[in-house]
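Dropping protein27.cif in here (mmCIF, C-alpha atoms):
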data_input
#
loop_
_atom_site.label_atom_id
_atom_site.label_comp_id
_atom_site.auth_asym_id
_atom_site.auth_seq_id
_atom_site.Cartn_x
_atom_site.Cartn_y
_atom_site.Cartn_z
CA MET C 1 49.60 -4.14 -63.08
CA ALA C 2 46.92 -3.46 -60.50
CA ARG C 3 43.87 -1.63 -61.83
CA PRO C 4 42.79 1.47 -59.88
CA ARG C 5 39.94 0.54 -57.53
CA LYS C 6 36.54 1.50 -58.90
CA THR C 7 35.60 3.34 -55.73
CA GLU C 8 38.70 5.54 -55.96
CA HIS C 9 37.85 6.25 -59.57
CA ASN C 10 34.29 7.28 -58.64
CA LYS C 11 35.55 9.45 -55.86
CA GLU C 12 37.85 11.34 -58.20
CA ILE C 13 35.03 11.87 -60.69
CA ILE C 14 32.85 13.41 -57.97
CA LEU C 15 35.74 15.62 -56.83
CA ALA C 16 36.66 16.69 -60.36
CA LYS C 17 33.10 17.83 -61.02
CA GLY C 18 33.36 19.89 -57.85
CA ILE C 19 36.23 21.89 -59.34
CA ASP C 20 33.93 23.16 -62.12
CA LEU C 21 30.84 23.65 -59.98
CA LEU C 22 32.52 25.37 -57.03
CA CYS C 23 34.62 27.53 -59.33
CA GLU C 24 31.62 28.74 -61.25
CA GLN C 25 28.95 28.97 -58.57
CA GLY C 26 30.80 29.14 -55.27
CA TYR C 27 30.35 26.98 -52.18
CA ASN C 28 26.95 28.17 -51.03
CA GLY C 29 25.74 28.62 -54.58
CA THR C 30 26.28 24.92 -55.33
CA GLY C 31 23.68 22.60 -53.84
CA LEU C 32 24.44 19.00 -52.93
CA LYS C 33 21.64 17.87 -55.26
CA GLN C 34 23.31 19.64 -58.15
CA ILE C 35 26.56 17.81 -57.48
CA LEU C 36 24.77 14.46 -57.24
CA ASP C 37 22.82 15.08 -60.45
CA ALA C 38 25.95 16.17 -62.31
CA VAL C 39 27.86 12.99 -61.48
CA GLN C 40 24.78 10.78 -61.29
CA VAL C 41 25.45 9.23 -57.92
CA PRO C 42 22.88 8.77 -55.13
CA LYS C 43 23.20 10.74 -51.91
CA GLY C 44 24.26 7.59 -50.04
CA SER C 45 27.32 7.12 -52.27
CA PHE C 46 28.31 10.72 -51.77
CA TYR C 47 28.22 10.30 -48.00
CA HIS C 48 30.13 7.06 -48.35
CA TYR C 49 33.06 9.08 -49.69
CA PHE C 50 32.59 12.39 -47.87
CA GLU C 51 31.30 13.03 -44.39
CA SER C 52 29.89 16.41 -45.33
CA LYS C 53 29.83 19.05 -48.05
CA GLU C 54 32.61 20.86 -46.21
CA VAL C 55 34.87 17.78 -46.25
CA TYR C 56 34.07 17.42 -49.94
CA ALA C 57 35.01 21.05 -50.68
CA ALA C 58 38.32 20.68 -48.82
CA GLN C 59 39.15 17.61 -50.92
CA VAL C 60 38.12 19.43 -54.10
CA ILE C 61 40.70 22.09 -53.17
CA ASP C 62 43.33 19.34 -52.69
CA LEU C 63 42.59 17.83 -56.11
CA TYR C 64 42.59 21.26 -57.78
CA ILE C 65 46.04 22.15 -56.50
CA GLU C 66 47.37 18.62 -57.14
CA ARG C 67 46.43 18.97 -60.79
CA LEU C 68 47.87 22.47 -61.06
CA LEU C 69 51.14 21.40 -59.46
CA SER C 70 51.41 18.39 -61.72
CA ALA C 71 50.87 20.59 -64.81
CA PHE C 72 53.47 23.02 -63.43
CA ASP C 73 56.04 20.28 -62.77
CA ASN C 74 55.56 18.70 -66.18
CA TYR C 75 56.01 22.04 -67.84
CA VAL C 76 59.04 23.18 -65.88
CA LYS C 77 60.83 19.83 -66.22
CA TYR C 78 61.33 20.34 -69.93
CA ALA C 79 61.37 24.14 -70.12
CA THR C 80 64.55 25.56 -71.57
CA ASP C 81 63.61 29.25 -71.47
CA ARG C 82 64.90 31.78 -69.02
CA PRO C 83 63.17 31.73 -65.62
CA LEU C 84 60.94 34.79 -66.07
CA ASP C 85 59.86 33.52 -69.49
CA VAL C 86 58.91 30.18 -67.97
CA ILE C 87 56.72 31.98 -65.43
CA LYS C 88 55.24 34.18 -68.14
CA GLN C 89 54.36 31.23 -70.34
CA LEU C 90 52.79 29.30 -67.49
CA TYR C 91 50.57 32.21 -66.63
CA GLN C 92 49.73 32.91 -70.26
CA TRP C 93 48.49 29.35 -70.45
CA MET C 94 46.19 30.04 -67.49
CA VAL C 95 44.97 33.26 -69.10
CA LEU C 96 44.00 31.25 -72.20
CA ASP C 97 42.13 28.83 -69.97
CA PHE C 98 40.21 31.73 -68.38
CA GLN C 99 39.34 33.07 -71.81
CA ARG C 100 38.06 29.67 -72.88
CA LYS C 101 35.68 29.84 -69.92
CA GLN C 102 34.52 33.37 -70.83
CA CYS C 103 36.26 34.79 -67.73
CA LYS C 104 33.44 33.44 -65.57
CA GLU C 105 35.21 31.00 -63.27
CA GLY C 106 38.45 32.49 -62.04
CA CYS C 107 40.62 30.65 -59.54
CA LEU C 108 39.03 28.12 -57.20
CA LEU C 109 41.45 29.04 -54.41
CA GLY C 110 40.70 32.76 -54.59
CA ASN C 111 36.96 32.21 -54.96
CA LEU C 112 36.70 29.95 -51.94
CA ALA C 113 39.10 32.08 -49.88
CA ALA C 114 36.82 35.06 -50.50
CA GLU C 115 33.58 33.21 -49.86
CA ILE C 116 34.32 30.81 -47.00
CA GLY C 117 37.97 31.42 -46.13
CA GLY C 118 36.88 33.11 -42.93
CA SER C 119 34.21 30.61 -41.91
CA SER C 120 35.16 27.01 -42.79
CA GLU C 121 38.15 25.80 -40.81
CA LEU C 122 38.62 22.69 -42.95
CA CYS C 123 38.64 24.62 -46.22
CA GLN C 124 40.87 27.24 -44.66
CA GLU C 125 43.49 24.57 -43.91
CA ALA C 126 43.25 23.14 -47.42
CA LEU C 127 43.56 26.63 -48.90
CA VAL C 128 46.62 27.51 -46.83
CA ARG C 129 48.29 24.26 -47.92
CA ALA C 130 47.44 24.98 -51.56
CA TYR C 131 48.62 28.60 -51.39
CA ASN C 132 51.93 27.57 -49.87
CA GLN C 133 52.60 24.74 -52.29
CA TRP C 134 51.86 26.83 -55.34
CA GLN C 135 53.85 29.82 -54.17
CA GLN C 136 56.86 27.71 -53.19
CA ARG C 137 57.09 26.31 -56.71
CA PHE C 138 58.05 29.77 -57.98
CA VAL C 139 60.79 30.53 -55.49
CA PRO C 140 63.51 28.41 -57.21
CA LEU C 141 62.64 30.03 -60.56
CA LEU C 142 62.92 33.51 -59.07
CA ILE C 143 66.19 32.66 -57.32
CA GLU C 144 67.53 31.34 -60.63
CA GLY C 145 66.44 34.64 -62.20
CA GLN C 146 68.20 36.58 -59.47
CA ASP C 147 71.39 34.57 -59.94
CA ALA C 148 71.25 35.20 -63.68
CA GLY C 149 70.82 38.93 -63.08
CA GLU C 150 67.39 39.18 -64.68
CA VAL C 151 65.42 39.56 -61.41
CA ARG C 152 66.06 42.28 -58.80
CA GLN C 153 68.01 41.06 -55.81
CA ASP C 154 66.97 43.60 -53.18
CA ILE C 155 63.78 41.67 -52.35
CA PRO C 156 63.96 38.00 -51.29
CA ALA C 157 62.59 35.56 -53.88
CA ASP C 158 59.90 34.20 -51.54
CA LEU C 159 58.59 37.72 -51.02
CA LEU C 160 58.52 38.35 -54.76
CA ALA C 161 56.61 35.09 -55.18
CA GLU C 162 54.09 36.22 -52.57
CA ILE C 163 53.57 39.65 -54.16
CA PHE C 164 53.26 38.04 -57.54
CA TRP C 165 50.55 35.71 -56.41
CA ASN C 166 48.63 38.41 -54.58
CA ALA C 167 48.61 40.62 -57.66
CA TRP C 168 47.58 37.65 -59.79
CA GLU C 169 44.68 36.68 -57.52
CA GLY C 170 43.53 40.29 -57.27
CA SER C 171 43.58 40.71 -61.02
CA ILE C 172 41.45 37.59 -61.42
CA LEU C 173 38.74 39.24 -59.30
CA ARG C 174 38.85 42.16 -61.69
CA MET C 175 38.60 39.78 -64.63
CA LYS C 176 35.38 38.32 -63.26
CA VAL C 177 33.62 41.69 -63.04
CA THR C 178 34.94 43.09 -66.31
CA GLU C 179 34.65 39.78 -68.22
CA SER C 180 38.03 40.47 -69.74
CA THR C 181 41.60 39.30 -69.17
CA VAL C 182 43.06 42.71 -70.03
CA THR C 183 43.87 43.58 -66.40
CA ILE C 184 45.46 40.19 -65.75
CA GLU C 185 47.68 40.45 -68.80
CA ARG C 186 48.66 44.02 -67.94
CA THR C 187 49.49 42.97 -64.38
CA LEU C 188 51.68 40.10 -65.58
CA THR C 189 53.54 42.36 -68.00
CA VAL C 190 54.18 45.17 -65.50
CA LEU C 191 55.36 42.78 -62.80
CA LEU C 192 57.58 40.55 -64.91
CA ASP C 193 58.89 43.12 -67.39
CA LYS C 194 59.26 46.11 -65.08
CA LEU C 195 58.77 45.82 -61.32
CA PHE C 196 60.69 42.56 -60.86
CA ARG C 197 63.60 43.65 -63.05
CA PRO C 198 66.85 44.88 -61.48
CA MET L 1 16.02 72.53 -42.48
CA ALA L 2 14.24 69.57 -44.03
CA ARG L 3 14.50 66.36 -42.02
CA PRO L 4 15.60 63.27 -43.95
CA ARG L 5 12.56 61.23 -44.94
CA LYS L 6 11.99 58.30 -42.63
CA THR L 7 11.76 55.83 -45.50
CA GLU L 8 15.19 56.88 -46.79
CA HIS L 9 16.57 56.45 -43.31
CA ASN L 10 15.13 52.94 -43.04
CA LYS L 11 16.47 52.05 -46.42
CA GLU L 12 19.98 53.05 -45.44
CA ILE L 13 19.77 51.01 -42.24
CA ILE L 14 18.83 47.90 -44.24
CA LEU L 15 21.64 48.55 -46.70
CA ALA L 16 24.22 49.23 -43.99
CA LYS L 17 23.44 45.91 -42.32
CA GLY L 18 24.02 44.28 -45.68
CA ILE L 19 27.61 45.49 -45.70
CA ASP L 20 28.36 43.45 -42.56
CA LEU L 21 26.31 40.41 -43.50
CA LEU L 22 27.47 40.11 -47.12
CA CYS L 23 31.07 40.80 -46.14
CA GLU L 24 31.09 38.09 -43.53
CA GLN L 25 28.89 35.41 -45.08
CA GLY L 26 28.81 36.15 -48.78
CA TYR L 27 25.83 36.57 -51.07
CA ASN L 28 24.50 33.03 -51.13
CA GLY L 29 25.46 32.47 -47.50
CA THR L 30 23.18 35.29 -46.35
CA GLY L 31 19.50 34.47 -46.40
CA LEU L 32 16.81 37.11 -46.85
CA LYS L 33 15.29 36.08 -43.52
CA GLN L 34 18.56 36.79 -41.79
CA ILE L 35 18.66 40.29 -43.23
CA LEU L 36 15.05 40.93 -42.21
CA ASP L 37 15.63 39.63 -38.68
CA ALA L 38 18.80 41.68 -38.29
CA VAL L 39 17.11 44.96 -39.15
CA GLN L 40 13.68 43.94 -37.84
CA VAL L 41 11.64 44.80 -40.90
CA PRO L 42 8.94 42.62 -42.46
CA LYS L 43 9.47 41.08 -45.87
CA GLY L 44 6.95 43.50 -47.40
CA SER L 45 9.01 46.52 -46.37
CA PHE L 46 12.13 44.97 -47.82
CA TYR L 47 10.43 44.48 -51.17
CA HIS L 48 9.06 48.00 -50.96
CA TYR L 49 12.67 49.25 -51.12
CA PHE L 50 14.29 46.52 -53.21
CA GLU L 51 12.85 44.52 -56.07
CA SER L 52 15.03 41.53 -55.29
CA LYS L 53 17.98 40.35 -53.25
CA GLU L 54 20.19 41.02 -56.25
CA VAL L 55 19.04 44.66 -56.48
CA TYR L 56 19.67 44.93 -52.74
CA ALA L 57 23.22 43.55 -53.05
CA ALA L 58 24.04 45.98 -55.87
CA GLN L 59 22.88 48.89 -53.70
CA VAL L 60 24.87 47.55 -50.74
CA ILE L 61 27.95 47.71 -52.98
CA ASP L 62 27.08 51.33 -53.88
CA LEU L 63 26.74 52.31 -50.21
CA TYR L 64 29.96 50.51 -49.27
CA ILE L 65 32.03 52.37 -51.86
CA GLU L 66 30.26 55.68 -51.12
CA ARG L 67 31.34 55.39 -47.48
CA LEU L 68 34.89 54.38 -48.38
CA LEU L 69 35.24 57.26 -50.84
CA SER L 70 33.89 59.71 -48.33
CA ALA L 71 36.39 58.51 -45.68
CA PHE L 72 39.14 58.74 -48.30
CA ASP L 73 38.19 62.28 -49.36
CA ASN L 74 37.94 63.52 -45.78
CA TYR L 75 41.32 62.10 -45.01
CA VAL L 76 43.11 63.36 -48.09
CA LYS L 77 41.63 66.87 -47.84
CA TYR L 78 43.61 67.60 -44.69
CA ALA L 79 46.61 65.31 -45.22
CA THR L 80 49.92 67.12 -45.30
CA ASP L 81 52.20 64.10 -45.68
CA ARG L 82 53.97 63.11 -48.82
CA PRO L 83 51.79 61.20 -51.33
CA LEU L 84 53.10 57.68 -50.66
CA ASP L 85 52.77 58.25 -46.92
CA VAL L 86 49.15 59.32 -47.37
CA ILE L 87 48.46 56.07 -49.24
CA LYS L 88 50.33 54.06 -46.62
CA GLN L 89 48.38 55.59 -43.75
CA LEU L 90 45.05 55.09 -45.46
CA TYR L 91 45.78 51.44 -45.98
CA GLN L 92 47.18 51.00 -42.47
CA TRP L 93 43.85 52.28 -41.22
CA MET L 94 42.08 49.57 -43.24
CA VAL L 95 44.48 46.94 -41.90
CA LEU L 96 43.52 47.98 -38.36
CA ASP L 97 39.87 47.64 -39.32
CA PHE L 98 40.50 44.11 -40.60
CA GLN L 99 42.30 43.22 -37.38
CA ARG L 100 39.36 44.52 -35.34
CA LYS L 101 37.18 42.07 -37.24
CA GLN L 102 39.60 39.16 -36.61
CA CYS L 103 40.50 39.08 -40.32
CA LYS L 104 37.20 37.36 -41.06
CA GLU L 105 35.43 39.80 -43.36
CA GLY L 106 37.86 41.17 -45.92
CA CYS L 107 36.73 43.52 -48.65
CA LEU L 108 33.11 43.44 -49.78
CA LEU L 109 34.12 44.22 -53.37
CA GLY L 110 36.62 41.38 -53.59
CA ASN L 111 34.34 38.92 -51.82
CA LEU L 112 31.39 39.58 -54.11
CA ALA L 113 33.57 39.74 -57.22
CA ALA L 114 34.86 36.26 -56.36
CA GLU L 115 31.49 34.81 -55.47
CA ILE L 116 29.01 36.34 -57.94
CA GLY L 117 31.12 38.62 -60.13
CA GLY L 118 30.69 36.16 -62.98
CA SER L 119 26.98 35.48 -62.52
CA SER L 120 25.05 38.58 -61.41
CA GLU L 121 25.03 41.27 -64.07
CA LEU L 122 23.65 43.93 -61.72
CA CYS L 123 26.31 43.33 -59.08
CA GLN L 124 28.94 43.15 -61.77
CA GLU L 125 28.03 46.67 -62.92
CA ALA L 126 28.07 47.99 -59.36
CA LEU L 127 31.44 46.34 -58.74
CA VAL L 128 33.01 47.77 -61.89
CA ARG L 129 31.80 51.27 -60.91
CA ALA L 130 33.19 50.81 -57.39
CA TYR L 131 36.54 49.45 -58.60
CA ASN L 132 36.97 52.34 -61.01
CA GLN L 133 36.02 55.03 -58.51
CA TRP L 134 38.33 53.74 -55.82
CA GLN L 135 41.27 53.20 -58.13
CA GLN L 136 40.89 56.62 -59.74
CA ARG L 137 41.21 58.30 -56.33
CA PHE L 138 44.82 57.13 -56.16
CA VAL L 139 45.97 58.31 -59.55
CA PRO L 140 46.42 62.01 -58.56
CA LEU L 141 48.40 60.93 -55.48
CA LEU L 142 50.67 58.73 -57.55
CA ILE L 143 51.14 61.46 -60.17
CA GLU L 144 52.03 63.89 -57.38
CA GLY L 145 54.54 61.31 -56.13
CA GLN L 146 55.99 60.94 -59.62
CA ASP L 147 56.32 64.71 -59.99
CA ALA L 148 58.07 64.88 -56.61
CA GLY L 149 60.48 62.14 -57.68
CA GLU L 150 59.40 59.65 -55.02
CA VAL L 151 57.48 57.33 -57.38
CA ARG L 152 58.98 55.69 -60.48
CA GLN L 153 58.02 57.39 -63.71
CA ASP L 154 58.48 54.56 -66.20
CA ILE L 155 54.99 53.16 -65.49
CA PRO L 156 51.89 55.37 -65.86
CA ALA L 157 50.21 56.28 -62.56
CA ASP L 158 46.91 54.64 -63.49
CA LEU L 159 48.72 51.38 -64.16
CA LEU L 160 50.50 51.60 -60.80
CA ALA L 161 47.13 52.23 -59.14
CA GLU L 162 45.71 49.13 -60.83
CA ILE L 163 48.62 46.91 -59.82
CA PHE L 164 48.43 48.26 -56.29
CA TRP L 165 44.80 47.43 -55.95
CA ASN L 166 45.18 43.97 -57.44
CA ALA L 167 47.97 43.14 -55.00
CA TRP L 168 45.91 44.56 -52.13
CA GLU L 169 42.81 42.53 -53.01
CA GLY L 170 44.86 39.38 -53.48
CA SER L 171 46.56 39.82 -50.13
CA ILE L 172 43.16 40.19 -48.45
CA LEU L 173 42.23 36.73 -49.73
CA ARG L 174 45.37 35.43 -48.09
CA MET L 175 44.47 37.24 -44.88
CA LYS L 176 41.15 35.41 -44.75
CA VAL L 177 42.71 31.96 -44.91
CA THR L 178 45.66 32.69 -42.62
CA GLU L 179 43.64 34.83 -40.18
CA SER L 180 46.52 37.28 -40.13
CA THR L 181 47.32 40.63 -41.71
CA VAL L 182 51.03 39.81 -42.06
CA THR L 183 50.83 39.24 -45.82
CA ILE L 184 48.85 42.43 -46.38
CA GLU L 185 51.33 44.52 -44.42
CA ARG L 186 54.28 42.92 -46.21
CA THR L 187 52.65 43.55 -49.58
CA LEU L 188 52.05 47.22 -48.75
CA THR L 189 55.64 47.69 -47.60
CA VAL L 190 57.24 46.00 -50.61
CA LEU L 191 55.07 47.89 -53.09
CA LEU L 192 55.31 51.35 -51.54
CA ASP L 193 58.86 51.21 -50.21
CA LYS L 194 60.52 49.23 -52.97
CA LEU L 195 58.70 48.35 -56.19
CA PHE L 196 57.07 51.77 -56.72
CA ARG L 197 60.24 53.72 -55.95
CA PRO L 198 62.34 55.17 -58.77
#
Once you've parsed the file, please lay out its structure as structure tokens.
Amino acid sequence: MARPRKTEHNKEIILAKGIDLLCEQGYNGTGLKQILDAVQVPKGSFYHYFESKEVYAAQVIDLYIERLLSAFDNYVKYATDRPLDVIKQLYQWMVLDFQRKQCKEGCLLGNLAAEIGGSSELCQEALVRAYNQWQQRFVPLLIEGQDAGEVRQDIPADLLAEIFWNAWEGSILRMKVTESTVTIERTLTVLLDKLFRP
Amino acid sequence: MARPRKTEHNKEIILAKGIDLLCEQGYNGTGLKQILDAVQVPKGSFYHYFESKEVYAAQVIDLYIERLLSAFDNYVKYATDRPLDVIKQLYQWMVLDFQRKQCKEGCLLGNLAAEIGGSSELCQEALVRAYNQWQQRFVPLLIEGQDAGEVRQDIPADLLAEIFWNAWEGSILRMKVTESTVTIERTLTVLLDKLFRP
């Protein structure tokens, strides 16, 4: 079996560190030197992999969503619960992750959308791709829920998925300023147990 | 009649410029020099009014919400429409404002919550105050709607107001990356015409 090339391995380490740093400190709040120090690579190596900090950030977004989607797919593949319960459990798992990080980081996609979504074209493209991929994963679950009569049918599933994600991202902003996941949990409950019901 | 003191006037000009700059470029993306150049005041004057950039940002948040609340109150005082229509028109007015700015700025509260909500205590406090004040303005309207039978009664009005704002803030993030208000408008319609109805 071929071993993964060392350079690819290094590249992923530098990108993975970016998920933490950009999530916590934002794009402009994270200096290149800080990234280099954190992964202990010289500036030259960084520029060997990434043309610029902007290219780097766009690839960090790609890795972030790739990991999220892979966790989602692994979970859903073996889930036997009803569709809305699958969604609820997935999001509860993310709430736990936020709590572990003292509610300080939030969602990389939302953070970067807010900070540089209007100014960096490259990151904008990566964010749109990520938003679409994530949202689309929920449409089949919501359709399944509609077919089973546990999700209202008067609103198309892709629209429900969009509303759901907007409310989720908005509640994460609230979490960051209140340092509590109470609003997120309340939002999940009201949407999935009340508003989305027939 | 006493004239407003010149220093207070200057201070408000510096703060008002901060609304535009911080909205568009974020906290770390806006340098002190840029603020000083934009309002043409020397560094000394800035520090006469504000101890630090962080204190400045917190006061920019206060001014931003003060202006929004004042626009809200003026509008609602003379509104004769039904409660949900008042909310819809208020938000349509904000959508127009976003469009005028080519969807680049978004909401100052959401932007700063995402970028520094987890790191600056001062801004965090200002953001929590702003969030609460804005959200509370909608509760009486929603209660009025519930009493008139046009808003569902199985969810308390303050919870509906919270969900509404979360979905709104999340859809603004989407607006920034797609450079379009389509998602925001769709979110408003689904919430006010479907999900919030009895």
I need the chain L residues near chain C as a ChimeraX atom specification; criterion: at most 8 Å, counting all atoms listed in the file. /L:24-26,28-29,103-106,110-119,124-125,127-128,163-171,173-174,176-179,187,195-196
Shortest interatomic distance to C:Asp20 - which of C:Ser52, C:Ser45, C:Gln34, C:Gln135, counting all atoms listed in the file: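 For C:Asp20, the nearest of the candidates is C:Gln34.
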Evaluating the PyMOL selection byres ((chain L and resi 33) around 12) on the displayed file yields which residues, as a PyMOL selection string? chain L and resi 21+29-32+34-44+46+53
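With atom CA of C:Glu144 on one side and atom CA of C:Tyr91 on the other, the separation reads 18.0 Å.
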Between atom CA of L:Leu63 and atom CA of L:Leu122 - distance in Å to one decimal: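 Distance between the two atoms: 14.6 Å.
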So, counting only C-alpha atoms, which residue among C:Val60, C:Ile65, C:Val55, C:Leu84 is closest to C:Glu12?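 Selected residue with least distance to C:Glu12: C:Val60.
One finds atom CA of C:Asp97 at 22.6 Å from atom CA of C:Leu141.
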Please write as a PyMOL selection string the full residue list that the PyMOL selection byres ((chain C and resi 86) around 12) yields on this file. chain C and resi 72-73+75-85+87-93+138+140-142+144-145+192
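Of the listed residues (C:Asp158, C:Glu150, C:Gly18, C:Ser70), C:Gly18 comes nearest to C:Glu54; the distances count only C-alpha atoms.
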Explicit residue set for the PyMOL selection byres ((chain C and resi 15) around 9), as a compact mmCIF listing (two decimals) with C-alpha atoms, in the coordinates of the input:
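To be explicit, this is the file written out as selection.txt:
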# COMPACT_ATOMS: atom_id res chain seq x y z
CA ASN C 10 34.29 7.28 -58.64
CA LYS C 11 35.55 9.45 -55.86
CA GLU C 12 37.85 11.34 -58.20
CA ILE C 13 35.03 11.87 -60.69
CA ILE C 14 32.85 13.41 -57.97
CA ALA C 16 36.66 16.69 -60.36
CA LYS C 17 33.10 17.83 -61.02
CA GLY C 18 33.36 19.89 -57.85
CA ILE C 19 36.23 21.89 -59.34
CA TYR C 56 34.07 17.42 -49.94
CA ALA C 57 35.01 21.05 -50.68
CA GLN C 59 39.15 17.61 -50.92
CA VAL C 60 38.12 19.43 -54.10
CA ILE C 61 40.70 22.09 -53.17
CA LEU C 63 42.59 17.83 -56.11
CA TYR C 64 42.59 21.26 -57.78
